[in-house]
Protein chains: 2
Amino acid sequence: MTESGSRKSPQATSFIHRSVSELAPKVSTLTGWAIGIDLGGNNIRGAWVSPKGQLFDPIRWETKVIEGKEKILSRLVLLYEELIKNPPPGCNPDTDLLGVGFGIPGILHLKKGLVIQSPQFPDWKRFAVYEKLRKKIKHPVYIDNDANLAALGEKVFGVCKPYDHFVYVTLGTGIGGALFLNGDLYHGSMGMAGELGHISVNPEGAPESTGNRGSVEIYAGGSGLQRIIDDLRDQIPEITATNPEELYELYKRGNKFPHWQAVEKVFDDMGNALGIMLANVVNSLDPQAICFSGGLVHMWKAFSRKMIQITMERSFVARHNKLRILSSSLIKNANFIETGTVGAASLVFIETLKKQTAVEITKIKAPSVSAQPNAVAVPLKTASAV
Amino acid sequence: MTESGSRKSPQATSFIHRSVSELAPKVSTLTGWAIGIDLGGNNIRGAWVSPKGQLFDPIRWETKVIEGKEKILSRLVLLYEELIKNPPPGCNPDTDLLGVGFGIPGILHLKKGLVIQSPQFPDWKRFAVYEKLRKKIKHPVYIDNDANLAALGEKVFGVCKPYDHFVYVTLGTGIGGALFLNGDLYHGSMGMAGELGHISVNPEGAPESTGNRGSVEIYAGGSGLQRIIDDLRDQIPEITATNPEELYELYKRGNKFPHWQAVEKVFDDMGNALGIMLANVVNSLDPQAICFSGGLVHMWKAFSRKMIQITMERSFVARHNKLRILSSSLIKNANFIETGTVGAASLVFIETLKKQTAVEITKIKAPSVSAQPNAVAVPLKTASAV
């Protein structure tokens with residue numbers, strides 16, 4: 001035990017860094033730009049982003065997963081080079097680009113700069129993406145998981161600015177997420193924290209490939225909804241929707257549509273499943289806010305009422321801490337560019353500020369503190385890491 | 001948004017503190033002692049604790065909840081005074097006592113030093129316990145929630161030494177817990193993080209007073225088991241157990257006892273419920289370890305096999321990160337003194353080290369960092385807060 005403990009002694013690290021919560025309000029004071037690049041299963045998106053969160057000349061290319069990891073990596077570098085060729089007015093890339101942030105889907109080992117595995121890129125197994133990018137890119141390179149970076153963007157530029165503790169949920173084909181706790185992103189021991197889609201909301205449900213049963217994803221993720229809609233069409237042929245988007249169009253028609261209640265039930269079940277999941281997460285983490293993002297969030301009107309009702313009913317922590325349940329503001333503001341690009345740029349800004357405010361540990365001089373009677377009361381430990 | 005953000009600017013705090021993970025290995029190098037006092041619903045326990053985790057002259061008094069908060073507060077102070085009168089050999093309380101740590105059950109507002117509410121002490125509502133203790137006690141005073149401090153004790157002196165990310169579960173009358181994430185205790189926005197007993201493992205279960213259904217506590221906490229045992233006795237009179245302890249005695253008799261399978265099923269159901277809860281928690285938090293403590297932990301042999309099986313089956317994160325599921329080492333080592341006393345003393349040691357290694361923020365000089373082509377690669381963000 002002692003051996004393991006001392007292996008993690010402070011000497012192993014050489015700097016103290018400030019928390020994201022402390023640095024985020026300073027981002028807008030930075031001069032210079034960031035490039036954010038977001039790698040997705042279908043598209044690679046990239047843009048120049050200013051410290052005020054403004055996008056310049058966003059680019060979207062196809063990912064072409066089938067071509068394999070080295071080709072995709074080259075495409076990421078090409079996109080960087082393309083952006084460098086077309087800087088924003090008045091910006092000299094040689095002096096004004098603070099760095100390039102990459103959002104990568106999958107499980108990352110940040111210390112080693114590896115992608116451990118990625119559901120969307122089957123051949124990225126222990127792939128040294130950081131080192132490969134760093135060798136090809138002339139500017140400082142930063143990487144993190146795409147959901148983590150979207151959460152970071154929401155903290156720096158979006159609706160989560162006021163919060164030191166929030167849970168970020170991505171509602172897409174699957175359900176993912178990120179945790180922002182004690183003023184920083186929380187990655188977990190293996191970079192897998194925030195796998196919220198695999199939380200069971202029906203423990204007696206049918207077994208899944210992961211070994212779990214009744215995961216929330218089955219009831220509220222895009223692929224799960226697709227299966228539910230296919231079944232519903234078999235039962236009620238008048239419900240012609242072939243995907244969640246089309247079902248939402250039927251929902252918006254309201255009671256005018258004769259089978260509206262069956263449509264509403266799909267979204268109520270979705271909200272119910274999300275509510276059970278949120279109650280469990282909130283009882284564990286006592287966050288100030290939950291923020292939703294992803295491709296299904298624009299259906300907010302259809303599923304959120306039930307979701308909020310069930311969360312509040314089931315979680316005394318949510319009632320006690322007056323939990324805020326929000327939808328992403330970046331999605332609304334950033335148009336076709338996803339939250340990922342802004343998030344990846346946020347990482348550049350935060351890491352730049354971290355370097356600027358880092359303190360070398362060797363510089364710390366311990367003030368002599370000895371036990372004394374009638375010692376002045378010391379400040380209490382605060383809930384957020386200082 | 002900007003307003004809210006800037007309200008939390010770094011100027012508001014004046015020191016940077018090291019994380020518990022960084023300081024814990026240094027505790028044994030401290031000279032001086034701590035007093036740890038643990039307030040429980042039945043007993044107040046207190047002791048001198050050395051920086052090596054040795055207890056000296058532990059005291060246990062009845063709490064007498066019925067006498068109300070002011071009397072209980074006076075009793076806490078009296079216990080401190082009693083301990084001061086009988087210091088360990090060679091210890092001068094005036095110079096060698098680093099501080100007094102108090103473990104308090106309930107929801108605490110640490111910044112304000114309040115007990116917001118406590119299930120065991122109905123009259124402790126927004127009770128300024130820190131200020132009241134500080135006025136009566138000549139040494140530095142520190143407080144935190146009892147489960148948090150037990151987790152801290154396990155990090156500093158026990159089986160959780162090697163971990164920067166772990167979940168601590170207390171199996172008692174109810175089920176509580178604490179989260180140790182990114183090298184520090186995580187309290188949540190209102191000090192309610194770790195309310196694991198209220199995680200639903202059967203969302204269609206009977207409604208509870210909290211509004212939730214099928215909370216894990218009902219199947220695996222002491223009060224829940226009591227109800228299950230009462231029902232079982234009605235069905236099978238040969239099962240004469242009147243409480244969980246007695247049921248465990250029957251369990252230990254094995255197949256020799258004719259109704260052993262019915263007894264085993266109670267513990268299997270307990271393990272199953274705990275396994276579903278753990279799978280959900282692990283999928284959210286990706287911790288390195290789970291550590292169990294509390295009055296029911298000595299029944300480990302009866303419930304842990306099923307619990308571990310279900311956790312591993314249901315959580316791909318647990319399989320991937322090779323989750324360790326442990327029982328508290330402090331319980332075994334600290335005899336009748338509960339983990340709480342050692343935990344409360346751990347807070348004193350850690351806070352003393354925090355003061356000794358704190359850095360004033362005004363002393364930080366920002367090195368000039370500007371964007372440069374061919375900049376040397378910067379260290380990657382690490383998963384644990386530096």
# chains A, B, ... in the order shown; residues from 1 in each chain; ligands from 1

$ select_by_dssp --residues "segment 113-314 of chain A" --states "strand (DSSP E)" --output "MDAnalysis selection string"
chainID A and resid 114:117 141:145 166:171 175:181 184:186 289:293

$ residues_around --residues "Thr339 of chain B" --least-positions-apart "2" --cutoff "9 Å" --atoms "only C-alpha atoms" --output "NGL selection string"
:B and (38 or 149-151 or 153-154 or 293-294 or 328 or 330-331 or 334 or 337 or 341-344)

$ write_last_selection --atoms "C-alpha atoms" --output "CSV table (one decimal), in the first residue's frame"
chain,number,residue,atom,x,y,z
B,38,ASP,CA,-17.3,10.9,15.3
B,149,LEU,CA,-14.4,11.3,6.4
B,150,ALA,CA,-14.6,7.5,6.6
B,151,ALA,CA,-13.6,7.5,2.9
B,153,GLY,CA,-9.5,7.7,6.4
B,154,GLU,CA,-9.5,4.8,4.0
B,293,SER,CA,-17.8,-0.3,5.0
B,294,GLY,CA,-20.5,-0.2,7.6
B,328,SER,CA,-12.7,-1.6,4.4
B,330,LEU,CA,-10.0,0.2,8.8
B,331,ILE,CA,-12.9,-1.8,10.2
B,334,ALA,CA,-9.4,-0.3,14.3
B,337,ILE,CA,-13.5,2.3,17.1
B,341,THR,CA,-12.7,8.5,14.3
B,342,VAL,CA,-9.7,7.7,12.1
B,343,GLY,CA,-11.4,9.5,9.2
B,344,ALA,CA,-12.0,12.6,11.3

$ closest_residue --among "A:Glu204, A:Glu195, A:Asp230, A:Asp94" --to "Thr170 of chain A" --atoms "only C-alpha atoms"
A:Glu195

$ select_by_dssp --residues "segment 112-255 of chain B" --states "alpha helix (DSSP H)" --output "NGL selection string"
:B and (129-136 or 146-157 or 216-220 or 222-235 or 244-253)

$ write_last_selection --atoms "N, CA and C atoms" --output "short mmCIF file (atom, residue, chain, number, x, y, z; two decimals), in the first residue's frame"
data_model
loop_
_atom_site.label_atom_id
_atom_site.label_comp_id
_atom_site.auth_asym_id
_atom_site.auth_seq_id
_atom_site.Cartn_x
_atom_site.Cartn_y
_atom_site.Cartn_z
N VAL B 129 -22.85 24.51 13.22
CA VAL B 129 -22.06 23.64 14.08
C VAL B 129 -20.57 24.04 14.08
N TYR B 130 -20.05 24.46 12.94
CA TYR B 130 -18.63 24.80 12.88
C TYR B 130 -18.31 26.00 13.78
N GLU B 131 -19.08 27.05 13.64
CA GLU B 131 -18.85 28.26 14.42
C GLU B 131 -18.97 27.99 15.91
N LYS B 132 -19.98 27.20 16.29
CA LYS B 132 -20.18 26.89 17.70
C LYS B 132 -19.02 26.06 18.26
N LEU B 133 -18.54 25.10 17.50
CA LEU B 133 -17.41 24.29 17.96
C LEU B 133 -16.14 25.13 18.05
N ARG B 134 -15.94 25.96 17.04
CA ARG B 134 -14.73 26.77 16.97
C ARG B 134 -14.60 27.69 18.19
N LYS B 135 -15.74 28.21 18.64
CA LYS B 135 -15.70 29.13 19.79
C LYS B 135 -15.31 28.43 21.08
N LYS B 136 -15.61 27.14 21.18
CA LYS B 136 -15.36 26.41 22.42
C LYS B 136 -14.05 25.63 22.42
N ASP B 146 -19.79 12.43 7.89
CA ASP B 146 -19.14 11.24 8.44
C ASP B 146 -18.72 10.22 7.36
N ALA B 147 -19.58 10.05 6.35
CA ALA B 147 -19.21 9.08 5.29
C ALA B 147 -18.02 9.60 4.49
N ASN B 148 -18.00 10.91 4.22
CA ASN B 148 -16.84 11.48 3.51
C ASN B 148 -15.55 11.24 4.30
N LEU B 149 -15.64 11.43 5.62
CA LEU B 149 -14.43 11.28 6.43
C LEU B 149 -13.99 9.83 6.53
N ALA B 150 -14.94 8.92 6.57
CA ALA B 150 -14.56 7.50 6.58
C ALA B 150 -13.83 7.16 5.28
N ALA B 151 -14.32 7.71 4.17
CA ALA B 151 -13.64 7.49 2.88
C ALA B 151 -12.24 8.10 2.92
N LEU B 152 -12.13 9.29 3.50
CA LEU B 152 -10.83 9.96 3.60
C LEU B 152 -9.86 9.13 4.43
N GLY B 153 -10.35 8.58 5.54
CA GLY B 153 -9.51 7.72 6.39
C GLY B 153 -9.00 6.51 5.62
N GLU B 154 -9.87 5.96 4.79
CA GLU B 154 -9.48 4.79 3.99
C GLU B 154 -8.44 5.17 2.94
N LYS B 155 -8.51 6.41 2.45
CA LYS B 155 -7.51 6.90 1.49
C LYS B 155 -6.16 7.13 2.18
N VAL B 156 -6.20 7.72 3.38
CA VAL B 156 -4.95 8.10 4.05
C VAL B 156 -4.30 6.88 4.72
N PHE B 157 -5.11 6.03 5.36
CA PHE B 157 -4.53 4.95 6.17
C PHE B 157 -4.93 3.55 5.73
N VAL B 216 -32.12 0.79 -3.90
CA VAL B 216 -31.26 -0.33 -3.50
C VAL B 216 -31.32 -0.57 -1.99
N GLU B 217 -31.50 0.50 -1.23
CA GLU B 217 -31.59 0.43 0.23
C GLU B 217 -32.64 -0.57 0.71
N ILE B 218 -33.76 -0.66 -0.02
CA ILE B 218 -34.86 -1.54 0.36
C ILE B 218 -34.46 -3.00 0.33
N TYR B 219 -33.49 -3.33 -0.54
CA TYR B 219 -33.10 -4.73 -0.72
C TYR B 219 -31.79 -5.05 0.00
N ALA B 220 -31.02 -4.02 0.33
CA ALA B 220 -29.66 -4.30 0.81
C ALA B 220 -29.25 -3.48 2.03
N GLY B 222 -29.89 -2.26 6.15
CA GLY B 222 -30.31 -2.95 7.36
C GLY B 222 -31.82 -2.92 7.59
N SER B 223 -32.43 -1.76 7.45
CA SER B 223 -33.88 -1.65 7.67
C SER B 223 -34.65 -2.45 6.64
N GLY B 224 -34.20 -2.41 5.41
CA GLY B 224 -34.85 -3.17 4.34
C GLY B 224 -34.76 -4.67 4.60
N LEU B 225 -33.55 -5.13 4.98
CA LEU B 225 -33.36 -6.54 5.28
C LEU B 225 -34.26 -6.96 6.45
N GLN B 226 -34.39 -6.07 7.43
CA GLN B 226 -35.24 -6.37 8.59
C GLN B 226 -36.66 -6.72 8.13
N ARG B 227 -37.21 -5.90 7.22
CA ARG B 227 -38.57 -6.16 6.72
C ARG B 227 -38.63 -7.48 5.95
N ILE B 228 -37.59 -7.73 5.15
CA ILE B 228 -37.55 -8.98 4.37
C ILE B 228 -37.51 -10.18 5.31
N ILE B 229 -36.73 -10.06 6.39
CA ILE B 229 -36.59 -11.16 7.35
C ILE B 229 -37.91 -11.39 8.09
N ASP B 230 -38.59 -10.31 8.45
CA ASP B 230 -39.88 -10.44 9.13
C ASP B 230 -40.89 -11.19 8.26
N ASP B 231 -40.90 -10.84 6.95
CA ASP B 231 -41.79 -11.54 6.02
C ASP B 231 -41.42 -13.02 5.90
N LEU B 232 -40.11 -13.27 5.81
CA LEU B 232 -39.62 -14.64 5.63
C LEU B 232 -40.01 -15.51 6.83
N ARG B 233 -39.92 -14.95 8.04
CA ARG B 233 -40.27 -15.69 9.26
C ARG B 233 -41.75 -16.07 9.26
N ASP B 234 -42.56 -15.17 8.71
CA ASP B 234 -43.99 -15.49 8.60
C ASP B 234 -44.21 -16.69 7.67
N GLN B 235 -43.41 -16.73 6.59
CA GLN B 235 -43.58 -17.81 5.61
C GLN B 235 -42.97 -19.13 6.10
N PRO B 244 -30.86 -9.08 10.75
CA PRO B 244 -29.83 -9.50 9.79
C PRO B 244 -28.69 -10.30 10.41
N GLU B 245 -28.28 -9.91 11.63
CA GLU B 245 -27.20 -10.64 12.30
C GLU B 245 -27.56 -12.11 12.47
N GLU B 246 -28.78 -12.33 12.96
CA GLU B 246 -29.19 -13.72 13.23
C GLU B 246 -29.38 -14.50 11.93
N LEU B 247 -29.83 -13.80 10.89
CA LEU B 247 -29.96 -14.47 9.59
C LEU B 247 -28.59 -14.90 9.09
N TYR B 248 -27.59 -14.04 9.32
CA TYR B 248 -26.23 -14.37 8.89
C TYR B 248 -25.70 -15.59 9.66
N GLU B 249 -26.10 -15.70 10.95
CA GLU B 249 -25.69 -16.88 11.73
C GLU B 249 -26.26 -18.15 11.09
N LEU B 250 -27.54 -18.08 10.65
CA LEU B 250 -28.14 -19.23 9.97
C LEU B 250 -27.41 -19.51 8.66
N TYR B 251 -27.06 -18.44 7.95
CA TYR B 251 -26.34 -18.60 6.67
C TYR B 251 -25.04 -19.37 6.88
N LYS B 252 -24.35 -19.04 7.96
CA LYS B 252 -23.05 -19.66 8.20
C LYS B 252 -23.17 -21.16 8.51
N ARG B 253 -24.37 -21.60 8.90
CA ARG B 253 -24.54 -23.03 9.17
C ARG B 253 -24.54 -23.84 7.87
#

$ residues_around --residues "segment 116-128 of chain A" --least-positions-apart "2" --cutoff "12 Å" --atoms "only C-alpha atoms" --output "PyMOL selection string"
(chain A and resi 39-43+63-73+104-114+130-135+143+145-146+173-174+190-192) or (chain B and resi 320-321)

$ write_last_selection --atoms "N, CA and C atoms" --output "compact mmCIF listing (two decimals), in the first residue's frame"
# COMPACT_ATOMS: atom_id res chain seq x y z
N LEU A 39 -13.60 15.23 -34.98
CA LEU A 39 -13.66 14.01 -35.80
C LEU A 39 -14.92 13.23 -35.44
N GLY A 40 -15.78 13.01 -36.42
CA GLY A 40 -16.99 12.22 -36.20
C GLY A 40 -17.01 11.04 -37.14
N GLY A 41 -17.98 10.15 -36.94
CA GLY A 41 -18.09 8.97 -37.78
C GLY A 41 -18.41 9.30 -39.22
N ASN A 42 -19.14 10.39 -39.46
CA ASN A 42 -19.50 10.77 -40.82
C ASN A 42 -18.69 11.95 -41.35
N ASN A 43 -18.44 12.93 -40.48
CA ASN A 43 -17.80 14.16 -40.94
C ASN A 43 -16.63 14.55 -40.05
N THR A 63 -15.59 11.88 -43.46
CA THR A 63 -14.56 11.16 -42.72
C THR A 63 -14.01 9.98 -43.53
N LYS A 64 -14.89 9.26 -44.21
CA LYS A 64 -14.52 8.04 -44.95
C LYS A 64 -13.81 7.03 -44.06
N VAL A 65 -14.55 6.56 -43.08
CA VAL A 65 -14.02 5.60 -42.10
C VAL A 65 -13.36 4.41 -42.78
N ILE A 66 -13.95 4.01 -43.89
CA ILE A 66 -13.51 2.78 -44.57
C ILE A 66 -12.05 2.85 -45.02
N GLU A 67 -11.55 4.06 -45.20
CA GLU A 67 -10.17 4.19 -45.69
C GLU A 67 -9.10 3.92 -44.63
N GLY A 68 -9.52 3.79 -43.38
CA GLY A 68 -8.56 3.38 -42.34
C GLY A 68 -7.90 4.55 -41.64
N LYS A 69 -7.23 4.21 -40.53
CA LYS A 69 -6.77 5.23 -39.60
C LYS A 69 -5.71 6.18 -40.17
N GLU A 70 -4.77 5.66 -40.95
CA GLU A 70 -3.69 6.53 -41.42
C GLU A 70 -4.23 7.59 -42.39
N LYS A 71 -5.16 7.18 -43.25
CA LYS A 71 -5.78 8.12 -44.19
C LYS A 71 -6.58 9.19 -43.43
N ILE A 72 -7.31 8.74 -42.42
CA ILE A 72 -8.11 9.70 -41.65
C ILE A 72 -7.19 10.68 -40.94
N LEU A 73 -6.09 10.15 -40.40
CA LEU A 73 -5.14 11.02 -39.74
C LEU A 73 -4.58 12.06 -40.71
N ILE A 104 -11.97 13.61 -30.33
CA ILE A 104 -11.90 12.26 -30.90
C ILE A 104 -12.96 11.40 -30.22
N PRO A 105 -13.79 10.68 -30.98
CA PRO A 105 -14.76 9.82 -30.32
C PRO A 105 -14.08 8.55 -29.81
N GLY A 106 -14.50 8.07 -28.65
CA GLY A 106 -13.94 6.83 -28.14
C GLY A 106 -13.26 7.01 -26.79
N ILE A 107 -12.62 5.96 -26.37
CA ILE A 107 -11.96 5.94 -25.06
C ILE A 107 -10.51 6.34 -25.25
N LEU A 108 -10.09 7.41 -24.61
CA LEU A 108 -8.73 7.92 -24.77
C LEU A 108 -7.91 7.70 -23.50
N HIS A 109 -6.66 7.39 -23.67
CA HIS A 109 -5.71 7.40 -22.55
C HIS A 109 -4.93 8.71 -22.69
N LEU A 110 -5.37 9.72 -21.93
CA LEU A 110 -4.85 11.07 -22.17
C LEU A 110 -3.37 11.18 -21.84
N LYS A 111 -2.94 10.53 -20.75
CA LYS A 111 -1.54 10.68 -20.37
C LYS A 111 -0.62 10.14 -21.46
N LYS A 112 -1.04 9.03 -22.08
CA LYS A 112 -0.22 8.43 -23.13
C LYS A 112 -0.57 8.95 -24.52
N GLY A 113 -1.68 9.70 -24.63
CA GLY A 113 -2.06 10.23 -25.93
C GLY A 113 -2.60 9.19 -26.89
N LEU A 114 -3.16 8.11 -26.34
CA LEU A 114 -3.66 7.01 -27.17
C LEU A 114 -5.19 7.03 -27.28
N TYR A 130 -2.07 11.26 -30.56
CA TYR A 130 -1.46 12.53 -30.16
C TYR A 130 -0.08 12.69 -30.77
N GLU A 131 0.75 11.67 -30.62
CA GLU A 131 2.13 11.74 -31.12
C GLU A 131 2.16 11.92 -32.64
N LYS A 132 1.25 11.22 -33.32
CA LYS A 132 1.22 11.32 -34.78
C LYS A 132 0.79 12.72 -35.23
N LEU A 133 -0.20 13.29 -34.56
CA LEU A 133 -0.64 14.64 -34.90
C LEU A 133 0.44 15.66 -34.58
N ARG A 134 1.07 15.50 -33.43
CA ARG A 134 2.08 16.46 -32.98
C ARG A 134 3.24 16.56 -33.99
N LYS A 135 3.60 15.42 -34.56
CA LYS A 135 4.72 15.42 -35.50
C LYS A 135 4.41 16.17 -36.79
N ILE A 143 -5.70 17.07 -27.33
CA ILE A 143 -6.78 16.15 -27.69
C ILE A 143 -7.62 15.81 -26.47
N ASN A 145 -11.62 13.42 -25.62
CA ASN A 145 -12.84 12.78 -26.11
C ASN A 145 -13.85 13.85 -26.57
N ASP A 146 -14.57 13.56 -27.65
CA ASP A 146 -15.47 14.56 -28.22
C ASP A 146 -16.58 15.02 -27.27
N THR A 173 -27.36 8.83 -31.80
CA THR A 173 -27.65 7.43 -32.13
C THR A 173 -27.61 6.61 -30.85
N GLY A 174 -26.57 6.81 -30.07
CA GLY A 174 -26.51 6.27 -28.71
C GLY A 174 -26.61 7.42 -27.72
N MET A 190 -10.08 5.34 -16.55
CA MET A 190 -9.64 4.89 -17.87
C MET A 190 -10.21 5.77 -18.98
N GLY A 191 -10.67 6.97 -18.63
CA GLY A 191 -11.27 7.84 -19.64
C GLY A 191 -12.67 7.43 -20.03
N MET A 192 -13.32 6.59 -19.22
CA MET A 192 -14.65 6.10 -19.58
C MET A 192 -15.77 6.70 -18.74
N HIS B 320 -13.66 -3.49 -18.23
CA HIS B 320 -12.56 -2.85 -18.96
C HIS B 320 -11.52 -2.25 -18.00
N ASN B 321 -12.00 -1.61 -16.94
CA ASN B 321 -11.03 -0.94 -16.05
C ASN B 321 -10.58 -1.84 -14.90

$ atom_distance --atom1 "atom CA of Lys52 of chain B" --atom2 "atom CA of Lys322 of chain B"
29.7 Å

$ atom_distance --atom1 "atom CA of Asp286 of chain A" --atom2 "atom CA of Ala193 of chain B"
4.8 Å

$ residues_around --residues "Tyr168 of chain A" --least-positions-apart "3" --cutoff "7 Å" --atoms "only C-alpha atoms" --output "NGL selection string"
:A and (151 or 177-179 or 290-292)

$ write_last_selection --atoms "N, CA, C and O atoms" --output "PDB file, in the first residue's frame"
ATOM      1  N   ALA A 151     -18.772  19.336 -23.690  1.00  0.00           N
ATOM      2  CA  ALA A 151     -19.103  19.830 -22.351  1.00  0.00           C
ATOM      3  C   ALA A 151     -18.222  21.030 -21.992  1.00  0.00           C
ATOM      4  O   ALA A 151     -18.693  22.024 -21.421  1.00  0.00           O
ATOM      5  N   GLY A 177     -22.000  10.902 -22.657  1.00  0.00           N
ATOM      6  CA  GLY A 177     -22.011  12.021 -21.741  1.00  0.00           C
ATOM      7  C   GLY A 177     -20.640  12.378 -21.246  1.00  0.00           C
ATOM      8  O   GLY A 177     -19.635  11.755 -21.616  1.00  0.00           O
ATOM      9  N   ALA A 178     -20.615  13.407 -20.430  1.00  0.00           N
ATOM     10  CA  ALA A 178     -19.379  13.872 -19.828  1.00  0.00           C
ATOM     11  C   ALA A 178     -19.723  14.444 -18.464  1.00  0.00           C
ATOM     12  O   ALA A 178     -20.845  14.889 -18.228  1.00  0.00           O
ATOM     13  N   LEU A 179     -18.746  14.411 -17.569  1.00  0.00           N
ATOM     14  CA  LEU A 179     -18.963  14.920 -16.227  1.00  0.00           C
ATOM     15  C   LEU A 179     -18.007  16.079 -15.970  1.00  0.00           C
ATOM     16  O   LEU A 179     -16.802  15.962 -16.206  1.00  0.00           O
ATOM     17  N   ILE A 290     -27.932  19.738 -15.407  1.00  0.00           N
ATOM     18  CA  ILE A 290     -27.796  18.713 -16.452  1.00  0.00           C
ATOM     19  C   ILE A 290     -27.934  19.459 -17.764  1.00  0.00           C
ATOM     20  O   ILE A 290     -28.857  20.271 -17.914  1.00  0.00           O
ATOM     21  N   CYS A 291     -27.060  19.206 -18.716  1.00  0.00           N
ATOM     22  CA  CYS A 291     -27.158  19.873 -20.013  1.00  0.00           C
ATOM     23  C   CYS A 291     -27.248  18.832 -21.125  1.00  0.00           C
ATOM     24  O   CYS A 291     -26.417  17.933 -21.188  1.00  0.00           O
ATOM     25  N   PHE A 292     -28.267  18.952 -21.957  1.00  0.00           N
ATOM     26  CA  PHE A 292     -28.480  18.005 -23.051  1.00  0.00           C
ATOM     27  C   PHE A 292     -28.006  18.575 -24.378  1.00  0.00           C
ATOM     28  O   PHE A 292     -28.224  19.753 -24.667  1.00  0.00           O
TER      29      PHE A 292
END

$ residues_around --residues "Ser284 of chain B" --least-positions-apart "3" --cutoff "10 Å" --atoms "only C-alpha atoms" --output "VMD selection string"
(chain A and resid 176 to 179 188 192 to 199 280 to 281 284 to 285) or (chain B and resid 278 to 281 287 317)

$ write_last_selection --atoms "N, CA and C atoms" --output "CSV table (one decimal), in the first residue's frame"
chain,number,residue,atom,x,y,z
A,176,GLY,N,-24.4,9.3,-24.8
A,176,GLY,CA,-23.1,9.4,-24.1
A,176,GLY,C,-23.2,10.5,-23.1
A,177,GLY,N,-22.0,10.9,-22.7
A,177,GLY,CA,-22.0,12.0,-21.7
A,177,GLY,C,-20.6,12.4,-21.2
A,178,ALA,N,-20.6,13.4,-20.4
A,178,ALA,CA,-19.4,13.9,-19.8
A,178,ALA,C,-19.7,14.4,-18.5
A,179,LEU,N,-18.7,14.4,-17.6
A,179,LEU,CA,-19.0,14.9,-16.2
A,179,LEU,C,-18.0,16.1,-16.0
A,188,GLY,N,-12.4,9.9,-15.2
A,188,GLY,CA,-12.4,8.6,-14.7
A,188,GLY,C,-11.1,7.9,-14.8
A,192,MET,N,-13.3,6.6,-19.2
A,192,MET,CA,-14.6,6.1,-19.6
A,192,MET,C,-15.8,6.7,-18.7
A,193,ALA,N,-15.5,7.7,-17.9
A,193,ALA,CA,-16.5,8.3,-17.1
A,193,ALA,C,-17.6,8.9,-18.0
A,194,GLY,N,-18.8,8.9,-17.5
A,194,GLY,CA,-19.9,9.5,-18.3
A,194,GLY,C,-20.6,8.6,-19.3
A,195,GLU,N,-20.4,7.3,-19.2
A,195,GLU,CA,-21.0,6.3,-20.1
A,195,GLU,C,-22.5,6.1,-19.7
A,196,LEU,N,-23.3,7.2,-19.7
A,196,LEU,CA,-24.6,7.3,-19.2
A,196,LEU,C,-25.6,6.4,-19.9
A,197,GLY,N,-25.4,6.2,-21.2
A,197,GLY,CA,-26.3,5.4,-22.0
A,197,GLY,C,-26.4,4.0,-21.5
A,198,HIS,N,-25.4,3.5,-20.8
A,198,HIS,CA,-25.5,2.1,-20.3
A,198,HIS,C,-26.0,2.0,-18.9
A,199,ILE,N,-26.5,3.0,-18.4
A,199,ILE,CA,-27.2,2.9,-17.1
A,199,ILE,C,-28.5,2.2,-17.3
A,280,ASN,N,-31.0,8.7,-10.9
A,280,ASN,CA,-29.9,7.9,-10.4
A,280,ASN,C,-28.6,8.7,-10.4
A,281,VAL,N,-28.4,9.4,-11.5
A,281,VAL,CA,-27.1,10.1,-11.7
A,281,VAL,C,-27.1,11.3,-10.7
A,284,SER,N,-26.3,10.3,-7.2
A,284,SER,CA,-24.9,10.0,-7.0
A,284,SER,C,-24.1,11.3,-6.9
A,285,LEU,N,-24.4,12.2,-7.8
A,285,LEU,CA,-23.4,13.3,-8.1
A,285,LEU,C,-23.9,14.7,-7.6
B,278,LEU,N,-24.1,-0.9,-8.4
B,278,LEU,CA,-22.7,-0.7,-8.7
B,278,LEU,C,-22.4,-0.5,-10.2
B,279,ALA,N,-23.1,-1.4,-11.0
B,279,ALA,CA,-22.9,-1.3,-12.5
B,279,ALA,C,-23.3,0.1,-12.9
B,280,ASN,N,-24.4,0.7,-12.4
B,280,ASN,CA,-24.8,2.0,-12.8
B,280,ASN,C,-23.8,3.1,-12.4
B,281,VAL,N,-23.3,2.9,-11.2
B,281,VAL,CA,-22.3,3.9,-10.6
B,281,VAL,C,-21.0,3.8,-11.4
B,287,PRO,N,-14.6,4.4,-11.8
B,287,PRO,CA,-13.6,4.5,-10.7
B,287,PRO,C,-12.6,3.3,-10.7
B,317,VAL,N,-17.7,-1.2,-18.3
B,317,VAL,CA,-16.7,-0.3,-17.8
B,317,VAL,C,-15.9,-1.0,-16.7

$ residues_around --residues "Gly46 of chain B" --least-positions-apart "5" --cutoff "10 Å" --atoms "only C-alpha atoms" --output "list in words"
Ile35, Gly36, Ile37, Asp38, Leu39, Leu55, Phe56, Asp57, Pro58, Ile59, Arg60, Trp61, Leu76, Leu79, Tyr80, Glu82, Leu83, Val100, Gly101, Phe102, Ile337, Glu338, Gly340, Thr341, Val342, Ala344 and Ala345 of chain B

$ atom_distance --atom1 "atom CA of Val297 of chain B" --atom2 "atom CA of Ile325 of chain B"
12.4 Å
